[in-house]
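Engineer: Quick one: structure below, then a few questions.
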Amino acid sequence: MAMTFSTFIMTLAETIQSENGPNLAYLLRPTSPHGKDLVKEFRNPTRETLMSRYGGCIESPWDDIAVRYVMVTTHIARKRAGEAFNEQSQLVSQFFRYFINNTGWTLPALFSMLRDLRDLAFDADNYAKYNNQKSECMESAAGVVVKAFSNCMTDRTSPPNESRKWGVYYVVGLVLKCYFRVKRISLSKNILRALNANPDIPPLSEYPRSHQVTYRYYLGMLSFLNEDYNKSEQELTLAFYQCYIPAHSNQERILTYLLPLRVLRGHLPTRDLMDRFPVLDELFTPFIAAIRAGDISAYDIALDKWERRLLELNLWLTLERARELCIRGLFRRVWVATDQSTRIPVSMFHCSLRLKGIEVSMEEAECYVANMIYQGYMRGYISHEKKMVVLASANAFPRVADRLAPLP
């Protein structure tokens with residue numbers, strides 16, 4: 001049965017009275033079935049005409065919220081993404097007036113409205129880009145979400161179990177998504193600083209797993225972009241193991257960055273893992289196979305083939321750095337071929353490079369070996385006078401994860 005606006009307002013009032021957060025979220029979701037009913041009821045509505053007729057029929061600010069909801073659904077139905085975003089933004093701002101004076105029962109509605117705001121901002125920016133117009137809706141959406149973060153953080157009156165602070169990490173995740181979308185990643189520091197400066201927030205482990213995963217993923221991404229690879233691997237690993245197994249796309253998004261970090265530490269993924277993620281299998285398997293075979297040429301070919309995609313993902317430099325593992329693997333094969341001798345002529349490493357298609361001089365080959373020793377992939381020294389590489393009698397090729405990296 002179709003829902004009229006009068007029924008919508010009555011249902012809204014009952015939901016607020018009963019403090020039913022999930023139902024309130026449903027009522028204010030533009031994609032809910034009753035949204036289409038309201039679009040049909042009002043052919044060409046304006047906020048002024050609706051407020052003149054329905055203003056005051058429910059306590060403020062809910063009369064304005066209800067009217068703006070009609071405007072949002074109408075703009076969406078008319079394919080007017082920019083106008084829908086503006087109305088949704090005003091709707092959320094009106095909701096804040098109620099939100100700051102209530103407890104955490106309102107959080108499901110807040111989450112839903114902020115998600116819709118982000119989605120409408122995405123649609124509006126895409127529409128503007130397609131029509132060669134300028135749009136900064138996603139950046140504006142980030143500003144609104146930051147206000148929601150402040151409203152959650154400043155709850156000092158609600159009982160602990162009903163505090164608005166239980167929405168902090170979800171909102172932070174949403175802010176970071178917006179910042180990453182508009183490439184204003186540097187602004188993330190402000191929100192994280194404010195988060196860490198508040199000692200009254202419950203421990204992250206007590207929040208829903210989905211909130212933890214999103215937060216840890218973006219924390220890992222920020223560390224990755226700052227080249228703090230140890231911190232990044234730690235956060236992304238926790239995010240991956242806490243991620244729900246059915247959330248395949250989220251697991252894939254995490255592994256896109258976790259796999260290269262693990263490879264840098266010498267931990268190559270298993271075939272079973274790669275088979276579960278065909279997209280990642282296609283992208284990373286050429287590099288992994290080249291590392292296993294010590295095939296530098298194959299690695300370089302893969303870098304050239306996937307250069308554009310890797311640059312889009314900010315992974316090119318990371319995988320270019322992992323090229324050293326190919327050289328280590330090749331030189332280790334030379335060591336094994338000499339029955340793990342502690343004295344190997346530089347000429348043998350030179351020959352191995354040429355056999356893999358790397359045309360270098362003897363001096364350049366010596367530089368390759370010197371770099372491997374300096375980077376901690378090999379233990380030993382070069383006798384330049386005798387053109388001989390003298391390797392340690394024990395642990396000549398340390399595990400990549402255990403190597404002593406040089407000082408920066």
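The chains in the structure tokens are called A, B, ... from first to last as shown; in each chain the residues are counted from 1, and the ligands are counted from 1 in the order shown.
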Which residues are close to A:Pro160, i.e. within 12 Å by only C-alpha atoms, leaving aside same-chain residues fewer than 4 positions away? Reply as number ranges by chain.

Structural biologist: A: 103-104, 155-156, 164-166, 200-202

Engineer: Could those selected residues go to a file with N, CA and C atoms, as an mmCIF file, in the first residue's frame?

Structural biologist:
```cif
data_model
loop_
_atom_site.group_PDB
_atom_site.id
_atom_site.type_symbol
_atom_site.label_atom_id
_atom_site.label_comp_id
_atom_site.auth_asym_id
_atom_site.auth_seq_id
_atom_site.Cartn_x
_atom_site.Cartn_y
_atom_site.Cartn_z
ATOM 1 N N THR A 103 20.798 10.571 22.656
ATOM 2 C CA THR A 103 21.791 9.530 22.922
ATOM 3 C C THR A 103 22.090 8.723 21.659
ATOM 4 N N GLY A 104 22.805 7.626 21.851
ATOM 5 C CA GLY A 104 23.269 6.838 20.724
ATOM 6 C C GLY A 104 22.200 6.102 19.942
ATOM 7 N N ASP A 155 29.957 14.103 23.202
ATOM 8 C CA ASP A 155 28.882 13.582 24.063
ATOM 9 C C ASP A 155 29.443 13.284 25.453
ATOM 10 N N ARG A 156 29.065 14.109 26.419
ATOM 11 C CA ARG A 156 29.547 13.919 27.788
ATOM 12 C C ARG A 156 28.413 13.678 28.777
ATOM 13 N N ARG A 164 26.939 8.666 22.150
ATOM 14 C CA ARG A 164 27.134 8.908 20.717
ATOM 15 C C ARG A 164 28.573 8.581 20.303
ATOM 16 N N LYS A 165 29.451 8.399 21.295
ATOM 17 C CA LYS A 165 30.842 8.074 20.980
ATOM 18 C C LYS A 165 30.986 6.709 20.319
ATOM 19 N N TRP A 166 29.946 5.886 20.413
ATOM 20 C CA TRP A 166 29.992 4.589 19.735
ATOM 21 C C TRP A 166 29.901 4.742 18.217
ATOM 22 N N ASP A 200 38.597 9.558 26.426
ATOM 23 C CA ASP A 200 37.330 9.010 26.919
ATOM 24 C C ASP A 200 36.667 8.054 25.933
ATOM 25 N N ILE A 201 37.260 7.877 24.765
ATOM 26 C CA ILE A 201 36.668 6.994 23.763
ATOM 27 C C ILE A 201 36.919 5.538 24.161
ATOM 28 N N PRO A 202 35.922 4.677 24.048
ATOM 29 C CA PRO A 202 36.147 3.249 24.351
ATOM 30 C C PRO A 202 37.242 2.663 23.465
#
```

Engineer: Give me, as an NGL selection string, all polymer residues having an atom no more than 12 Å from A:Asn44, counting only C-alpha atoms and skipping those fewer than 4 positions away in the same chain.

Structural biologist: :A and (38-40 or 48-50 or 70-71 or 73-75 or 77-78)

Engineer: Could you give me, as a PyMOL selection string, the residues within 10 Å of stretch 167-182 of chain A, counting only C-alpha atoms and dropping anything in the same chain fewer than 5 positions from it?

Structural biologist: chain A and resi 104+106-108+110-111+114-115+118+121-122+136-153+187-189+191-192+195+201-202+204+207-208+210-219+221-222

Engineer: Would you please work out which residue, of A:Asp295, A:Glu252, A:Ile16, A:Leu355, is nearest to A:Met274 when using only C-alpha atoms?

Structural biologist: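 The shortest atom-to-atom distance to A:Met274 comes from A:Glu252.
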
Engineer: Please provide as a list in words all residues within 9 Å of A:Phe8, with the sequence filter that same-chain residues fewer than 3 positions apart are discarded (counting only C-alpha atoms).

Structural biologist: Met3, Thr4, Phe5, Thr11, Leu12, Ala13, Leu27, His34, Leu38 and Ala66 of chain A

Engineer: Using only C-alpha atoms, which protein or nucleic acid residues come within 10 Å of A:Trp105? Drop anything in the same chain fewer than 6 positions from it, and give the result as a list of chain:residue names.

Structural biologist: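 Counting only C-alpha atoms, the residues come to A:Ile16, A:Glu19, A:Asn20, A:Gly21, A:Pro22, A:Leu24, A:Phe99, A:Glu162, A:Ser163, A:Arg164.
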
Engineer: So that I have them on file, write out the residues from the current selection with all heavy atoms, as a short mmCIF file (atom, residue, chain, number, x, y, z; two decimals), in the first residue's frame.

Structural biologist:
```cif
data_model
loop_
_atom_site.label_atom_id
_atom_site.label_comp_id
_atom_site.auth_asym_id
_atom_site.auth_seq_id
_atom_site.Cartn_x
_atom_site.Cartn_y
_atom_site.Cartn_z
N ILE A 16 10.31 8.36 16.32
CA ILE A 16 11.10 9.23 17.20
C ILE A 16 10.68 9.03 18.65
O ILE A 16 11.51 8.96 19.55
CB ILE A 16 10.93 10.71 16.77
CG1 ILE A 16 11.47 10.92 15.36
CG2 ILE A 16 11.64 11.63 17.75
CD1 ILE A 16 11.05 12.22 14.73
N GLU A 19 12.09 5.89 19.94
CA GLU A 19 13.55 5.87 19.83
C GLU A 19 14.03 4.62 19.09
O GLU A 19 14.94 3.90 19.53
CB GLU A 19 14.21 5.98 21.21
CG GLU A 19 13.91 7.29 21.92
CD GLU A 19 14.70 7.47 23.20
OE1 GLU A 19 15.35 6.50 23.64
OE2 GLU A 19 14.69 8.59 23.75
N ASN A 20 13.42 4.39 17.93
CA ASN A 20 13.76 3.23 17.10
C ASN A 20 14.74 3.69 16.01
O ASN A 20 14.35 4.16 14.94
CB ASN A 20 12.48 2.66 16.48
CG ASN A 20 12.74 1.34 15.76
OD1 ASN A 20 13.84 1.10 15.25
ND2 ASN A 20 11.73 0.49 15.71
N GLY A 21 16.04 3.54 16.29
CA GLY A 21 17.07 4.02 15.38
C GLY A 21 17.06 3.37 14.00
O GLY A 21 17.07 4.06 12.98
N PRO A 22 17.04 2.01 13.91
CA PRO A 22 17.03 1.37 12.59
C PRO A 22 15.82 1.77 11.75
O PRO A 22 15.95 1.95 10.54
CB PRO A 22 17.01 -0.13 12.93
CG PRO A 22 17.66 -0.21 14.28
CD PRO A 22 17.21 1.03 15.01
N LEU A 24 14.15 4.60 11.97
CA LEU A 24 14.35 5.98 11.56
C LEU A 24 15.29 6.05 10.36
O LEU A 24 15.05 6.83 9.42
CB LEU A 24 14.93 6.79 12.74
CG LEU A 24 15.19 8.28 12.48
CD1 LEU A 24 13.89 9.00 12.12
CD2 LEU A 24 15.83 8.93 13.71
N PHE A 99 20.26 15.58 16.95
CA PHE A 99 21.26 14.56 17.31
C PHE A 99 22.07 14.95 18.54
O PHE A 99 22.31 14.12 19.43
CB PHE A 99 22.18 14.34 16.10
CG PHE A 99 23.27 13.33 16.32
CD1 PHE A 99 22.98 11.98 16.42
CD2 PHE A 99 24.60 13.72 16.42
CE1 PHE A 99 23.98 11.04 16.62
CE2 PHE A 99 25.60 12.80 16.62
CZ PHE A 99 25.29 11.45 16.71
N GLU A 162 25.04 4.10 25.94
CA GLU A 162 24.16 4.78 24.98
C GLU A 162 24.82 6.03 24.41
O GLU A 162 24.17 6.87 23.81
CB GLU A 162 22.84 5.17 25.67
CG GLU A 162 22.07 3.99 26.23
CD GLU A 162 20.84 4.43 27.00
OE1 GLU A 162 20.47 5.61 26.89
OE2 GLU A 162 20.26 3.59 27.72
N SER A 163 26.13 6.12 24.56
CA SER A 163 26.84 7.32 24.14
C SER A 163 26.92 7.43 22.62
O SER A 163 26.99 6.42 21.90
CB SER A 163 28.26 7.32 24.72
OG SER A 163 29.01 8.41 24.22
N ARG A 164 26.94 8.67 22.15
CA ARG A 164 27.13 8.91 20.72
C ARG A 164 28.57 8.58 20.30
O ARG A 164 28.86 8.47 19.10
CB ARG A 164 26.83 10.37 20.38
CG ARG A 164 25.38 10.78 20.63
CD ARG A 164 25.05 12.11 19.95
NE ARG A 164 25.92 13.19 20.36
CZ ARG A 164 25.73 13.97 21.43
NH1 ARG A 164 24.68 13.74 22.23
NH2 ARG A 164 26.57 14.95 21.73
#
```

Engineer: So which residues touch A:Phe331 within 9 Å, counting only C-alpha atoms, skipping near sequence neighbours fewer than 4 positions away, as a list in words?

Structural biologist: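 Here the qualifying residues turn out to be Gly294, Cys326, Ile327, Trp335, Val336, Phe349, Ser352, Leu353, Val369 and Met378 of chain A.
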